[in-house]
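**Q** The structure file upload-v4.tsv (TSV, C-alpha atoms) is provided below.
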```tsv
chain	number	residue	atom	x	y	z
H	146	MET	CA	0.00	0.00	0.00
H	147	VAL	CA	1.16	3.54	-0.69
H	148	LYS	CA	2.08	5.52	2.41
H	149	MET	CA	-0.58	8.07	3.25
H	150	SER	CA	-0.62	10.60	6.07
H	151	LEU	CA	-3.84	9.94	7.95
H	152	ASP	CA	-3.11	11.85	11.17
H	153	PRO	CA	-5.91	14.22	12.17
H	154	VAL	CA	-5.13	17.82	13.00
H	155	GLN	CA	-4.31	18.38	16.66
H	156	VAL	CA	-6.27	21.38	17.90
H	157	MET	CA	-4.43	23.92	20.01
H	158	SER	CA	-6.11	25.44	23.02
H	159	GLY	CA	-5.27	27.64	25.99
H	160	GLN	CA	-3.50	30.93	26.43
H	161	VAL	CA	-0.33	31.75	24.52
H	162	ASN	CA	2.51	33.19	26.53
H	163	GLU	CA	4.80	35.90	25.26
H	164	LEU	CA	7.41	34.39	23.00
H	165	LYS	CA	11.05	35.35	22.79
H	166	VAL	CA	12.61	34.34	19.53
H	167	SER	CA	16.34	33.88	19.06
H	168	PRO	CA	17.81	34.64	15.62
H	169	PRO	CA	19.32	31.74	13.70
H	170	SER	CA	22.83	30.99	14.91
H	171	ASN	CA	24.41	31.60	11.51
H	172	GLY	CA	22.48	34.79	10.88
H	173	ASP	CA	20.76	33.17	7.93
H	174	SER	CA	17.78	30.90	7.35
H	175	ARG	CA	18.00	27.95	5.00
H	176	GLY	CA	15.27	28.03	2.40
H	177	SER	CA	14.72	31.78	2.63
H	178	TRP	CA	12.70	33.94	0.25
H	179	GLU	CA	15.70	34.85	-1.88
H	180	GLY	CA	15.18	31.58	-3.70
H	181	LYS	CA	17.48	29.32	-1.68
H	182	GLN	CA	14.89	26.56	-1.43
H	183	GLU	CA	13.55	24.89	-4.52
H	184	PHE	CA	10.80	22.28	-4.58
H	185	ASP	CA	10.67	19.35	-6.98
H	186	GLN	CA	7.72	20.18	-9.22
H	187	ASP	CA	7.55	16.61	-10.54
H	188	GLN	CA	6.79	15.45	-7.00
H	189	LEU	CA	3.92	17.95	-6.87
H	190	GLY	CA	2.34	16.63	-10.03
H	191	LEU	CA	3.12	19.94	-11.74
H	192	GLY	CA	5.20	20.52	-14.82
H	193	THR	CA	8.54	22.28	-14.93
H	194	ASN	CA	6.97	25.57	-15.98
H	195	THR	CA	5.45	26.23	-12.59
H	196	LYS	CA	8.49	26.77	-10.40
H	197	PRO	CA	7.82	28.86	-7.30
H	198	VAL	CA	8.51	32.55	-7.71
H	199	ALA	CA	10.65	34.01	-4.94
H	200	GLY	CA	9.65	37.29	-3.36
H	201	ARG	CA	6.40	39.22	-3.40
H	202	ARG	CA	4.48	39.42	-6.64
H	203	ALA	CA	2.35	42.13	-8.11
H	204	ARG	CA	-1.13	42.08	-6.63
H	205	LYS	CA	-3.00	44.13	-9.19
H	206	VAL	CA	-5.42	42.33	-11.50
H	207	GLU	CA	-5.74	44.49	-14.58
H	208	GLY	CA	-9.34	45.25	-15.48
H	209	GLY	CA	-10.71	42.60	-13.14
H	210	VAL	CA	-12.53	42.28	-9.85
H	211	PHE	CA	-10.05	42.00	-7.02
H	212	PHE	CA	-12.16	40.59	-4.16
H	213	PRO	CA	-15.40	38.87	-5.19
H	214	LYS	CA	-18.26	38.95	-2.72
H	215	PRO	CA	-18.93	35.54	-1.11
H	216	GLU	CA	-22.44	35.39	-2.54
H	217	ASN	CA	-21.05	35.68	-6.08
H	218	ALA	CA	-17.92	33.54	-5.81
H	219	VAL	CA	-17.30	29.81	-5.64
H	220	THR	CA	-15.57	29.73	-2.27
H	221	ILE	CA	-13.00	27.00	-1.62
H	222	ALA	CA	-11.80	26.79	1.99
H	223	VAL	CA	-8.49	24.93	2.31
H	224	SER	CA	-6.72	24.07	5.54
H	225	SER	CA	-3.05	24.96	5.84
H	226	ARG	CA	-2.19	21.28	6.43
H	227	VAL	CA	-3.49	20.21	3.02
H	228	LEU	CA	-2.32	23.25	1.06
H	229	PHE	CA	1.19	22.89	2.50
H	230	ARG	CA	3.27	20.14	4.07
H	231	THR	CA	3.56	20.76	7.80
H	232	ASP	CA	4.66	17.30	8.96
H	233	ARG	CA	7.73	18.54	10.84
H	234	GLU	CA	5.81	21.30	12.58
H	235	GLN	CA	3.06	18.91	13.58
H	236	LYS	CA	5.60	16.64	15.25
H	237	VAL	CA	6.96	19.59	17.23
H	238	PHE	CA	3.45	20.37	18.44
H	239	GLU	CA	2.62	16.78	19.35
H	240	GLN	CA	5.93	16.11	21.11
H	241	LYS	CA	6.71	19.47	22.75
H	242	GLY	CA	3.38	21.30	23.04
H	243	VAL	CA	1.89	24.55	21.86
H	244	GLU	CA	4.50	26.95	23.27
H	245	GLU	CA	7.45	25.25	21.61
H	246	TYR	CA	5.39	24.81	18.44
H	247	LEU	CA	4.71	28.54	18.19
H	248	ARG	CA	8.32	29.35	18.99
H	249	TYR	CA	9.47	26.98	16.24
H	250	GLN	CA	7.08	28.54	13.71
H	251	ILE	CA	8.29	32.07	14.45
H	252	GLU	CA	11.95	31.06	14.34
H	253	HIS	CA	11.35	29.49	10.91
H	254	GLU	CA	8.90	32.03	9.49
H	255	ASN	CA	11.31	32.93	6.68
H	256	GLU	CA	11.29	29.34	5.45
H	257	PRO	CA	8.51	28.39	3.05
H	258	PHE	CA	6.34	25.36	3.59
H	259	ALA	CA	6.54	22.79	0.81
H	260	PRO	CA	3.37	22.23	-1.23
H	261	GLY	CA	0.81	19.77	0.11
H	262	PRO	CA	-1.85	17.59	-1.54
H	263	ALA	CA	-4.24	20.48	-2.33
H	264	PHE	CA	-1.55	22.66	-3.90
H	265	SER	CA	-1.98	21.60	-7.54
H	266	PHE	CA	-5.78	21.84	-7.14
H	267	VAL	CA	-5.48	25.44	-5.92
H	268	LYS	CA	-3.09	26.31	-8.74
H	269	ALA	CA	-5.64	24.93	-11.21
H	270	LEU	CA	-8.38	27.07	-9.64
H	271	GLU	CA	-6.21	30.12	-10.16
H	272	ALA	CA	-5.59	29.16	-13.80
H	273	VAL	CA	-9.37	29.04	-14.35
H	274	ASN	CA	-9.73	32.44	-12.69
H	275	ALA	CA	-7.18	33.91	-15.09
H	276	ARG	CA	-9.24	32.69	-18.06
H	277	LEU	CA	-12.48	34.00	-16.52
H	278	ARG	CA	-10.95	37.43	-15.94
H	279	ASP	CA	-9.87	37.55	-19.59
H	280	LEU	CA	-13.39	36.75	-20.78
H	281	TYR	CA	-15.38	38.59	-18.09
H	282	PRO	CA	-13.21	41.40	-16.68
H	283	GLN	CA	-15.93	42.78	-14.38
H	284	SER	CA	-17.48	39.52	-13.22
H	285	GLU	CA	-17.27	38.36	-9.61
H	286	GLU	CA	-18.12	34.77	-10.55
H	287	LEU	CA	-14.69	33.39	-9.74
H	288	PHE	CA	-13.09	30.88	-7.44
H	289	ASP	CA	-12.29	32.52	-4.12
H	290	ILE	CA	-9.79	30.62	-1.96
H	291	VAL	CA	-9.84	30.99	1.81
H	292	LEU	CA	-6.98	29.59	3.89
H	293	VAL	CA	-8.37	28.05	7.07
H	294	THR	CA	-6.07	27.11	9.93
H	295	TYR	CA	-6.28	26.25	13.62
H	296	ASN	CA	-3.05	28.14	14.06
H	297	HIS	CA	-2.55	31.15	16.29
H	298	ALA	CA	-2.10	34.46	14.48
H	299	HIS	CA	1.65	34.32	15.27
H	300	VAL	CA	1.96	31.69	12.54
H	301	GLY	CA	0.24	33.93	10.00
H	302	ILE	CA	3.48	35.58	8.95
H	303	ARG	CA	4.99	32.28	7.85
H	304	LEU	CA	1.83	31.37	5.98
H	305	ILE	CA	1.74	34.73	4.19
H	306	ASN	CA	5.41	34.44	3.31
H	307	THR	CA	4.80	30.95	1.95
H	308	ILE	CA	1.84	32.07	-0.15
H	309	ASN	CA	3.90	34.88	-1.65
H	310	HIS	CA	6.82	32.51	-2.26
H	311	HIS	CA	4.63	30.15	-4.26
H	312	ASN	CA	2.91	33.02	-6.08
H	313	LEU	CA	-0.56	32.04	-4.86
H	314	PHE	CA	-3.43	34.50	-4.95
H	315	ILE	CA	-4.90	33.94	-1.49
H	316	GLU	CA	-5.87	37.03	0.47
H	317	ARG	CA	-8.55	35.63	2.77
H	318	PHE	CA	-7.38	33.91	5.94
H	319	CYS	CA	-9.21	32.36	8.86
H	320	MET	CA	-6.82	31.66	11.78
H	321	THR	CA	-8.89	30.31	14.65
H	322	GLY	CA	-6.27	29.70	17.36
H	323	GLY	CA	-7.63	26.23	18.07
H	324	SER	CA	-11.36	26.96	17.73
H	325	SER	CA	-13.61	25.19	15.26
H	326	PRO	CA	-13.72	26.94	11.87
H	327	ILE	CA	-17.17	25.64	10.91
H	328	GLY	CA	-19.07	28.81	11.83
H	329	TYR	CA	-16.69	30.86	9.72
H	330	LEU	CA	-17.15	28.48	6.79
H	331	LYS	CA	-20.88	29.18	6.86
H	332	ALA	CA	-20.24	32.93	6.98
H	333	TRP	CA	-18.01	32.64	3.91
H	334	GLN	CA	-20.80	30.69	2.14
H	335	THR	CA	-18.24	27.98	1.48
H	336	ASN	CA	-18.82	25.71	-1.51
H	337	LEU	CA	-16.09	23.22	-0.59
H	338	TYR	CA	-13.94	22.64	2.49
H	339	LEU	CA	-10.77	20.54	2.30
H	340	SER	CA	-9.00	19.54	5.50
H	341	ALA	CA	-6.73	16.92	7.06
H	342	ASP	CA	-9.04	16.73	10.08
H	343	ALA	CA	-11.70	14.06	9.48
H	344	ASP	CA	-13.70	15.17	12.53
H	345	LYS	CA	-14.00	18.74	11.26
H	346	VAL	CA	-14.91	17.44	7.80
H	347	ARG	CA	-17.75	15.43	9.33
H	348	GLU	CA	-18.83	18.50	11.28
H	349	ALA	CA	-18.91	20.54	8.08
H	350	LEU	CA	-20.93	17.87	6.26
H	351	ALA	CA	-23.43	17.83	9.13
H	352	GLU	CA	-23.88	21.57	8.59
H	353	GLY	CA	-24.58	21.07	4.88
H	354	ILE	CA	-21.14	22.18	3.69
H	355	ALA	CA	-19.46	20.09	0.99
H	356	ALA	CA	-16.27	18.77	2.55
H	357	ALA	CA	-13.63	16.08	2.24
H	358	THR	CA	-10.53	14.82	4.02
H	359	MET	CA	-7.27	14.98	2.07
H	360	PHE	CA	-4.12	12.90	2.49
H	361	MET	CA	-0.50	13.20	1.44
H	362	THR	CA	0.78	10.40	-0.79
H	363	GLU	CA	4.32	9.48	-1.76
H	364	LYS	CA	3.53	9.12	-5.46
H	365	LEU	CA	1.92	11.90	-7.49
H	366	THR	CA	0.89	11.87	-11.14
H	367	LYS	CA	1.55	14.97	-13.21
H	368	VAL	CA	-1.61	17.00	-13.77
H	369	SER	CA	-2.66	19.68	-16.21
H	370	GLU	CA	-1.51	23.24	-15.63
H	371	THR	CA	-4.25	24.73	-17.80
H	372	GLN	CA	-7.38	22.64	-17.17
H	373	LEU	CA	-9.01	21.95	-13.79
H	374	ARG	CA	-9.99	18.28	-13.71
H	375	VAL	CA	-12.33	17.11	-10.94
H	376	ALA	CA	-13.58	13.52	-10.58
H	377	PHE	CA	-16.50	12.35	-8.44
H	378	ASP	CA	-17.82	9.04	-7.22
H	379	GLY	CA	-21.60	8.74	-7.55
H	380	ASP	CA	-23.40	7.19	-4.59
H	381	ALA	CA	-22.88	9.00	-1.25
H	382	VAL	CA	-20.92	11.74	-3.03
H	383	LEU	CA	-22.99	13.34	-5.82
H	384	PHE	CA	-26.05	11.26	-4.92
H	385	SER	CA	-27.47	10.11	-1.61
H	386	ASP	CA	-26.56	6.70	-0.18
H	387	GLU	CA	-30.06	5.32	-0.83
H	388	SER	CA	-28.95	2.76	-3.41
H	389	GLU	CA	-25.79	1.88	-1.54
H	390	ARG	CA	-27.91	1.03	1.49
H	391	ILE	CA	-29.84	-1.48	-0.61
H	392	PHE	CA	-26.61	-3.03	-1.85
H	393	LYS	CA	-25.04	-3.26	1.62
H	394	ALA	CA	-28.19	-4.74	3.19
H	395	HIS	CA	-29.43	-7.09	0.45
H	396	GLY	CA	-26.63	-7.69	-2.06
H	397	LEU	CA	-25.98	-6.99	-5.71
H	398	ASP	CA	-29.01	-8.73	-7.25
H	399	LYS	CA	-31.44	-6.81	-5.04
H	400	PHE	CA	-29.56	-3.61	-5.84
H	401	PHE	CA	-29.99	-4.16	-9.60
H	402	GLU	CA	-33.67	-4.95	-9.08
H	403	HIS	CA	-34.14	-1.80	-7.01
H	404	GLU	CA	-32.46	0.37	-9.66
H	405	ARG	CA	-34.56	-1.09	-12.49
H	406	GLU	CA	-37.77	-0.53	-10.55
H	407	ASN	CA	-36.77	3.05	-9.74
H	408	GLU	CA	-35.17	3.94	-13.06
H	409	ASP	CA	-37.40	7.00	-13.48
H	410	THR	CA	-37.22	8.05	-9.83
H	411	LEU	CA	-34.55	10.65	-9.23
H	412	LEU	CA	-31.84	9.94	-6.70
H	413	ASP	CA	-31.68	12.37	-3.80
H	414	HIS	CA	-28.73	14.74	-3.69
H	415	GLY	CA	-25.45	13.86	-2.00
H	416	PRO	CA	-23.01	16.14	-0.15
H	417	LEU	CA	-21.03	17.29	-3.21
H	418	LYS	CA	-23.90	17.93	-5.60
H	419	GLY	CA	-23.69	21.66	-4.84
H	420	PHE	CA	-19.99	21.80	-5.69
H	421	LEU	CA	-20.64	20.12	-9.05
H	422	GLU	CA	-23.38	22.69	-9.65
H	423	ALA	CA	-20.92	25.50	-8.92
H	424	LEU	CA	-18.42	24.03	-11.38
H	425	GLY	CA	-21.14	23.70	-13.99
H	426	LYS	CA	-22.13	27.33	-13.55
H	427	LEU	CA	-18.58	28.44	-14.34
H	428	GLN	CA	-18.32	26.00	-17.24
H	429	LYS	CA	-21.37	27.61	-18.84
H	430	LYS	CA	-19.64	30.99	-18.78
H	431	PHE	CA	-16.94	29.49	-21.02
H	432	TYR	CA	-19.53	27.79	-23.24
H	433	ALA	CA	-21.26	31.16	-23.73
H	434	LYS	CA	-18.03	32.51	-25.21
H	435	GLY	CA	-17.56	29.56	-27.57
H	436	HIS	CA	-15.13	27.61	-25.38
H	437	ARG	CA	-16.97	24.35	-24.85
H	438	LEU	CA	-14.29	22.26	-26.53
H	439	ASP	CA	-11.38	23.97	-24.78
H	440	CYS	CA	-13.09	24.70	-21.48
H	441	PRO	CA	-10.54	24.91	-18.62
H	442	ILE	CA	-12.87	22.93	-16.32
H	443	ARG	CA	-13.59	19.26	-16.94
H	444	THR	CA	-15.64	16.96	-14.73
H	445	PHE	CA	-15.76	13.17	-14.43
H	446	LEU	CA	-18.09	10.61	-12.89
H	447	VAL	CA	-16.14	7.49	-11.86
H	448	THR	CA	-18.53	4.98	-10.33
H	449	ALA	CA	-18.57	1.30	-9.46
H	450	ARG	CA	-22.10	1.13	-10.94
H	451	SER	CA	-22.53	-0.83	-14.16
H	452	ALA	CA	-23.92	1.08	-17.12
H	453	ALA	CA	-26.75	-1.15	-18.38
H	454	SER	CA	-27.92	-2.45	-15.00
H	455	SER	CA	-27.81	0.71	-12.87
H	456	GLY	CA	-26.19	3.57	-14.75
H	457	ILE	CA	-29.28	4.97	-16.43
H	458	ARG	CA	-30.79	6.19	-13.15
H	459	ALA	CA	-27.64	8.14	-12.31
H	460	LEU	CA	-27.56	9.77	-15.75
H	461	LYS	CA	-31.26	10.62	-15.67
H	462	THR	CA	-30.80	12.21	-12.25
H	463	LEU	CA	-27.95	14.40	-13.45
H	464	ARG	CA	-29.94	15.45	-16.51
H	465	ALA	CA	-32.99	16.32	-14.39
H	466	TRP	CA	-30.78	18.42	-12.12
H	467	GLY	CA	-29.53	20.32	-15.17
H	468	LEU	CA	-25.96	19.15	-14.56
H	469	GLU	CA	-23.51	18.04	-17.20
H	470	ILE	CA	-20.69	15.57	-16.57
H	471	ASP	CA	-18.06	15.72	-19.28
H	472	GLU	CA	-17.07	12.07	-18.93
H	473	ALA	CA	-18.83	9.18	-17.19
H	474	LEU	CA	-17.05	5.91	-16.41
H	475	PHE	CA	-19.20	3.00	-15.20
H	476	LEU	CA	-16.70	0.43	-13.98
H	477	ALA	CA	-19.03	-2.38	-12.84
H	478	GLY	CA	-16.89	-3.01	-9.79
H	479	ALA	CA	-13.49	-2.79	-11.50
H	480	PRO	CA	-10.70	-0.94	-9.65
H	481	LYS	CA	-10.85	2.83	-10.02
H	482	GLY	CA	-7.13	3.52	-9.65
H	483	PRO	CA	-6.06	2.68	-13.23
H	484	MET	CA	-8.85	4.80	-14.71
H	485	LEU	CA	-8.01	7.73	-12.47
H	486	GLU	CA	-4.37	7.43	-13.47
H	487	LYS	CA	-5.47	8.05	-17.08
H	488	ILE	CA	-7.86	10.89	-16.14
H	489	ARG	CA	-5.22	12.64	-14.02
H	490	PRO	CA	-7.64	14.70	-11.94
H	491	HIS	CA	-6.46	17.38	-9.54
H	492	ILE	CA	-8.78	15.81	-7.01
H	493	TYR	CA	-11.05	12.77	-6.82
H	494	PHE	CA	-13.88	12.44	-4.26
H	495	ASP	CA	-15.04	9.07	-2.90
H	496	ASP	CA	-16.92	7.94	0.20
H	497	GLN	CA	-14.98	4.70	0.67
H	498	MET	CA	-11.41	4.66	1.93
H	499	PHE	CA	-10.37	1.60	-0.07
H	500	HIS	CA	-11.12	3.54	-3.27
H	501	VAL	CA	-9.20	6.55	-1.93
H	502	GLU	CA	-6.23	4.33	-1.10
H	503	GLY	CA	-6.44	2.59	-4.46
H	504	ALA	CA	-6.37	5.94	-6.23
H	505	ALA	CA	-3.41	7.06	-4.13
H	506	GLU	CA	-1.46	3.94	-5.08
H	507	MET	CA	-1.71	5.06	-8.70
H	508	GLY	CA	-0.61	8.63	-7.88
H	509	THR	CA	-4.01	10.35	-7.78
H	510	ILE	CA	-4.83	12.92	-5.10
H	511	ALA	CA	-8.05	11.51	-3.64
H	512	ALA	CA	-10.25	12.98	-0.91
H	513	HIS	CA	-12.49	11.02	1.43
H	514	VAL	CA	-16.12	12.12	1.88
H	515	PRO	CA	-17.14	10.57	5.24
H	516	TYR	CA	-20.83	10.36	4.46
H	517	GLY	CA	-23.44	7.61	4.25
H	518	ILE	CA	-23.88	3.98	5.18
H	519	ALA	CA	-20.28	2.99	4.39
H	520	GLN	CA	-19.05	5.08	7.32
H	521	LYS	CA	-21.38	3.34	9.77
H	522	LEU	CA	-20.31	-0.08	8.53
H	523	ASN	CA	-16.64	0.86	8.82
H	524	ALA	CA	-17.18	2.12	12.37
H	525	LYS	CA	-18.95	-1.13	13.31
H	526	ARG	CA	-16.16	-3.19	11.71
H	527	ASN	CA	-13.48	-1.23	13.56
H	528	ALA	CA	-15.35	-1.61	16.86
H	529	SER	CA	-15.40	-5.39	16.42
H	530	GLY	CA	-11.68	-5.56	15.70
H	531	GLY	CA	-11.99	-5.68	11.94
H	532	LYS	CA	-14.01	-8.89	11.87
```
Take the structure in this file and express it as structure tokens.
**A**
Amino acid sequence: MVKMSLDPVQVMSGQVNELKVSPPSNGDSRGSWEGKQEFDQDQLGLGTNTKPVAGRRARKVEGGVFFPKPENAVTIAVSSRVLFRTDREQKVFEQKGVEEYLRYQIEHENEPFAPGPAFSFVKALEAVNARLRDLYPQSEELFDIVLVTYNHAHVGIRLINTINHHNLFIERFCMTGGSSPIGYLKAWQTNLYLSADADKVREALAEGIAAATMFMTEKLTKVSETQLRVAFDGDAVLFSDESERIFKAHGLDKFFEHERENEDTLLDHGPLKGFLEALGKLQKKFYAKGHRLDCPIRTFLVTARSAASSGIRALKTLRAWGLEIDEALFLAGAPKGPMLEKIRPHIYFDDQMFHVEGAAEMGTIAAHVPYGIAQKLNAKRNASGGK
């Protein structure tokens, strides 16, 4: 199995004492903003044309909207632990506590974090924004990225420095100092929340916010720098877990029978239907300008359903919702990893961890949506010792 980081975020709490920071002993800081630290773009799944840019970049967006209002934007909230790699810092916190953790962060605030599993996804969002600004200079219908972190504000300087180092356009921060960010996500009208903390992801889902848990993998497939590619599972992701409940309780034959009998009955919506809708809304802006064939957003349905026996209900549901999926793969139970390796999505959403792990083995960044009957069965299996 490919090595995946599954550790949940450790939440800081309590008062923060005044910190005294000693300068580095050599008067310098390895990996500073003058370009001393380079990151291997192949390991990030990015091409060689996207090397980090050292120093601060120009902030002005010529002829475009600078800060879209939340009600107009597609808001993507990303935790600092999935946007960047903070493994070393997390160990300091877990082993030495909050005071030493904050001291370490301040002492190293001139060293950029390396990119994490959500990095290429965020870069792709920004590439889409650039195209939208070219076509619709005054429109606020853009992706708006909010960095969400449990960190104390002291760590904000290092995060800002890292964002500037990697030439990311992220101006909205939410640093909660150990408090839950869920209330802030609702205030931002968040369309998608990505985090390393499975508990907070479940909390967001319970509040009706599309959310998924991300993991760091050792192997990453190169992804497009010009087209955002997003892949979804069907049941318990885009759709409810209604049909999956039938399958888990009564087996495959009963599932097929249920789907045939309910072929013309729409499936209920799942937790990520709204995010697919938001993507579709932006896609239509490109179609309106004659860019259907070279649209910089492409969506995929990758499902274990079989086409003839159970696929028609899924397709009819999407059509009734007014949603288009660019490509639909009905795998009839075949492994998803090899197909995802060919698709090369920036992110793939699935409700079952064995599919997430299978995708990761093939180098795909996959996110777990802890929703539906599969989660209850997994919890019961874990409680009984895996039997």
**Q** Any idea what the distance is between CA of Ala218 (chain H) and CA of Leu287 (chain H)?
**A** 5.1 Å
**Q** Looking at H:Phe494, H:Tyr281, H:Phe392, H:Phe212, which one is nearest to Phe445 (chain H), with distances taken over only C-alpha atoms?
**A**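 Among the listed residues, H:Phe494 lies closest to Phe445 (chain H).
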**Q** Scan for residues within 9 Å of the point (2.7, 36.4, 16.0) in the coordinates of the file, using only C-alpha atoms, and reply as an MDAnalysis selection string.
**A** chainID H and resid 164 247 251 297:302
**Q** Can you spit out the residues from that selection as a PDB file, in the frame of the given file, using C-alpha atoms?
**A**
```
ATOM      1  CA  LEU H 164       7.410  34.390  23.000  1.00  0.00           C
ATOM      2  CA  LEU H 247       4.710  28.540  18.190  1.00  0.00           C
ATOM      3  CA  ILE H 251       8.290  32.070  14.450  1.00  0.00           C
ATOM      4  CA  HIS H 297      -2.550  31.150  16.290  1.00  0.00           C
ATOM      5  CA  ALA H 298      -2.100  34.460  14.480  1.00  0.00           C
ATOM      6  CA  HIS H 299       1.650  34.320  15.270  1.00  0.00           C
ATOM      7  CA  VAL H 300       1.960  31.690  12.540  1.00  0.00           C
ATOM      8  CA  GLY H 301       0.240  33.930  10.000  1.00  0.00           C
ATOM      9  CA  ILE H 302       3.480  35.580   8.950  1.00  0.00           C
TER      10      ILE H 302
END
```
**Q** Name the residues within 10 Å of (-11.6, 27.4, 13.2), counting all atoms listed in the file in the file's coordinates, and put them as a list in words.
**A**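 Every residue inside that radius is included here: Val156, Ser224, Val293, Thr294, Tyr295, Asn296, Cys319, Met320, Thr321, Gly322, Gly323, Ser324, Ser325, Pro326, Ile327, Gly328, Tyr329, Leu330 and Lys345 of chain H.
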**Q** For each of H:Pro262, H:Glu244, H:Ala473, H:Lys430, take the minimum atom-to-atom distance to Arg278 (chain H), counting all atoms listed in the file, then give the residue where this is smallest.
**A**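 Counting all atoms listed in the file, the residue closest to Arg278 (chain H) is H:Lys430.
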**Q** Of the candidates H:Gly353, H:Gly379, H:Pro215, H:Gly396, which one gets nearest to Arg317 (chain H) if we count only C-alpha atoms?
**A**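 So, comparing all the options, the nearest one is H:Pro215.
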**Q** Taking all atoms listed in the file into account, name the residue in H:Asp409, H:Glu370, H:Asp495, H:Glu216 that is nearest to Phe266 (chain H).
**A**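 For Phe266 (chain H), the nearest of the candidates is H:Glu370.
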**Q** Within 10 Å of Pro490 (chain H), counting all atoms listed in the file, which residues show up once you throw out same-chain ones fewer than 2 positions away? Write them as a short mmCIF file (atom, residue, chain, number, x, y, z; two decimals) with C-alpha atoms, in the frame of the given file, please.
**A**
```
data_model
loop_
_atom_site.label_atom_id
_atom_site.label_comp_id
_atom_site.auth_asym_id
_atom_site.auth_seq_id
_atom_site.Cartn_x
_atom_site.Cartn_y
_atom_site.Cartn_z
CA SER H 265 -1.98 21.60 -7.54
CA PHE H 266 -5.78 21.84 -7.14
CA THR H 366 0.89 11.87 -11.14
CA LYS H 367 1.55 14.97 -13.21
CA VAL H 368 -1.61 17.00 -13.77
CA SER H 369 -2.66 19.68 -16.21
CA GLN H 372 -7.38 22.64 -17.17
CA LEU H 373 -9.01 21.95 -13.79
CA ARG H 374 -9.99 18.28 -13.71
CA VAL H 375 -12.33 17.11 -10.94
CA ALA H 376 -13.58 13.52 -10.58
CA PHE H 377 -16.50 12.35 -8.44
CA ARG H 443 -13.59 19.26 -16.94
CA THR H 444 -15.64 16.96 -14.73
CA PHE H 445 -15.76 13.17 -14.43
CA LEU H 485 -8.01 7.73 -12.47
CA GLU H 486 -4.37 7.43 -13.47
CA LYS H 487 -5.47 8.05 -17.08
CA ILE H 488 -7.86 10.89 -16.14
CA ILE H 492 -8.78 15.81 -7.01
CA TYR H 493 -11.05 12.77 -6.82
CA THR H 509 -4.01 10.35 -7.78
CA ILE H 510 -4.83 12.92 -5.10
CA ALA H 511 -8.05 11.51 -3.64
#
```
**Q** What gap, in Å, lies between CA of Val219 (chain H) and CA of Asn336 (chain H)?
**A**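 Interatomic distance, CA of Val219 (chain H) to CA of Asn336 (chain H): 6.0 Å.
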**Q** Mind checking which residues fall within 7 Å of region 474-478 of chain H, counting all atoms listed in the file, ignoring those fewer than 2 positions away in the same chain, and posting them as a ChimeraX atom specification?
**A** /H:446-452,472,480
**Q** Wanna dump the region 251-308 of chain H-region 228-238 of chain H contacts at 6 Å for me, each residue with its shortest atom pair and the distance in Å to one decimal, counting all atoms listed in the file, ordered by chain and number, as a Markdown table?
**A**
```
| residue | atom | partner | partner_atom | distance |
| --- | --- | --- | --- | --- |
| H:Phe258 | CA | H:Phe229 | CA | 5.8 |
| H:Ala259 | CA | H:Arg230 | CA | 5.3 |
| H:Pro260 | CA | H:Phe229 | CA | 4.4 |
| H:Gly261 | CA | H:Phe229 | CA | 3.9 |
| H:Ala263 | CA | H:Leu228 | CA | 4.8 |
| H:Phe264 | CA | H:Leu228 | CA | 5.1 |
```
**Q** Give me, please, the distance in Å between CA of Phe288 (chain H) and CA of Tyr338 (chain H), quoted to one decimal.
**A**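 About the pair CA of Phe288 (chain H) and CA of Tyr338 (chain H): they are 12.9 Å apart.
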**Q** Which polymer residues have any atom within 7 Å of an atom of Leu412 (chain H), counting only C-alpha atoms, with same-chain residues fewer than 2 positions away left out, as a PDB file with C-alpha atoms, in the frame of the given file?
**A**
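Written file, part-v1.pdb:
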```pdb
ATOM      1  CA  PHE H 384     -26.050  11.260  -4.920  1.00  0.00           C
ATOM      2  CA  SER H 385     -27.470  10.110  -1.610  1.00  0.00           C
ATOM      3  CA  THR H 410     -37.220   8.050  -9.830  1.00  0.00           C
ATOM      4  CA  HIS H 414     -28.730  14.740  -3.690  1.00  0.00           C
ATOM      5  CA  THR H 462     -30.800  12.210 -12.250  1.00  0.00           C
TER       6      THR H 462
END
```
**Q** Looking at H:Ala465, H:Leu337, H:Ile305, H:Ala459, which one is nearest to Asp380 (chain H), with distances taken over all atoms listed in the file?
**A**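 Ranked by minimum distance to Asp380 (chain H), first place goes to H:Ala459.
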**Q** Pick from H:Leu280, H:Met359, H:Leu411, H:Ala272: nearest to Ile457 (chain H), with only C-alpha atoms counted?
**A**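 Of H:Leu280, H:Met359, H:Leu411, H:Ala272, the one nearest Ile457 (chain H), counting only C-alpha atoms, is H:Leu411.
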**Q** Quick one: what's the axis-aligned box for region 465-475 of chain H, all listed atoms, 5 Å on every side, centre and edges in Å to one decimal, as JSON?
**A**
```
{"center_x": -25.0, "center_y": 11.7, "center_z": -15.7, "size_x": 25.9, "size_y": 27.3, "size_z": 17.2}
```
**Q** Near Gly415 (chain H), counting all atoms listed in the file, which residues have an atom at most 8 Å away, once you skip same-chain residues fewer than 2 positions from it, shown as a list in words?
**A**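 Final neighbour list, sorted by chain and number: Asp380, Ala381, Val382, Leu383, Phe384, Ser385, Asp386, Asp413, Leu417 and Lys418 of chain H.
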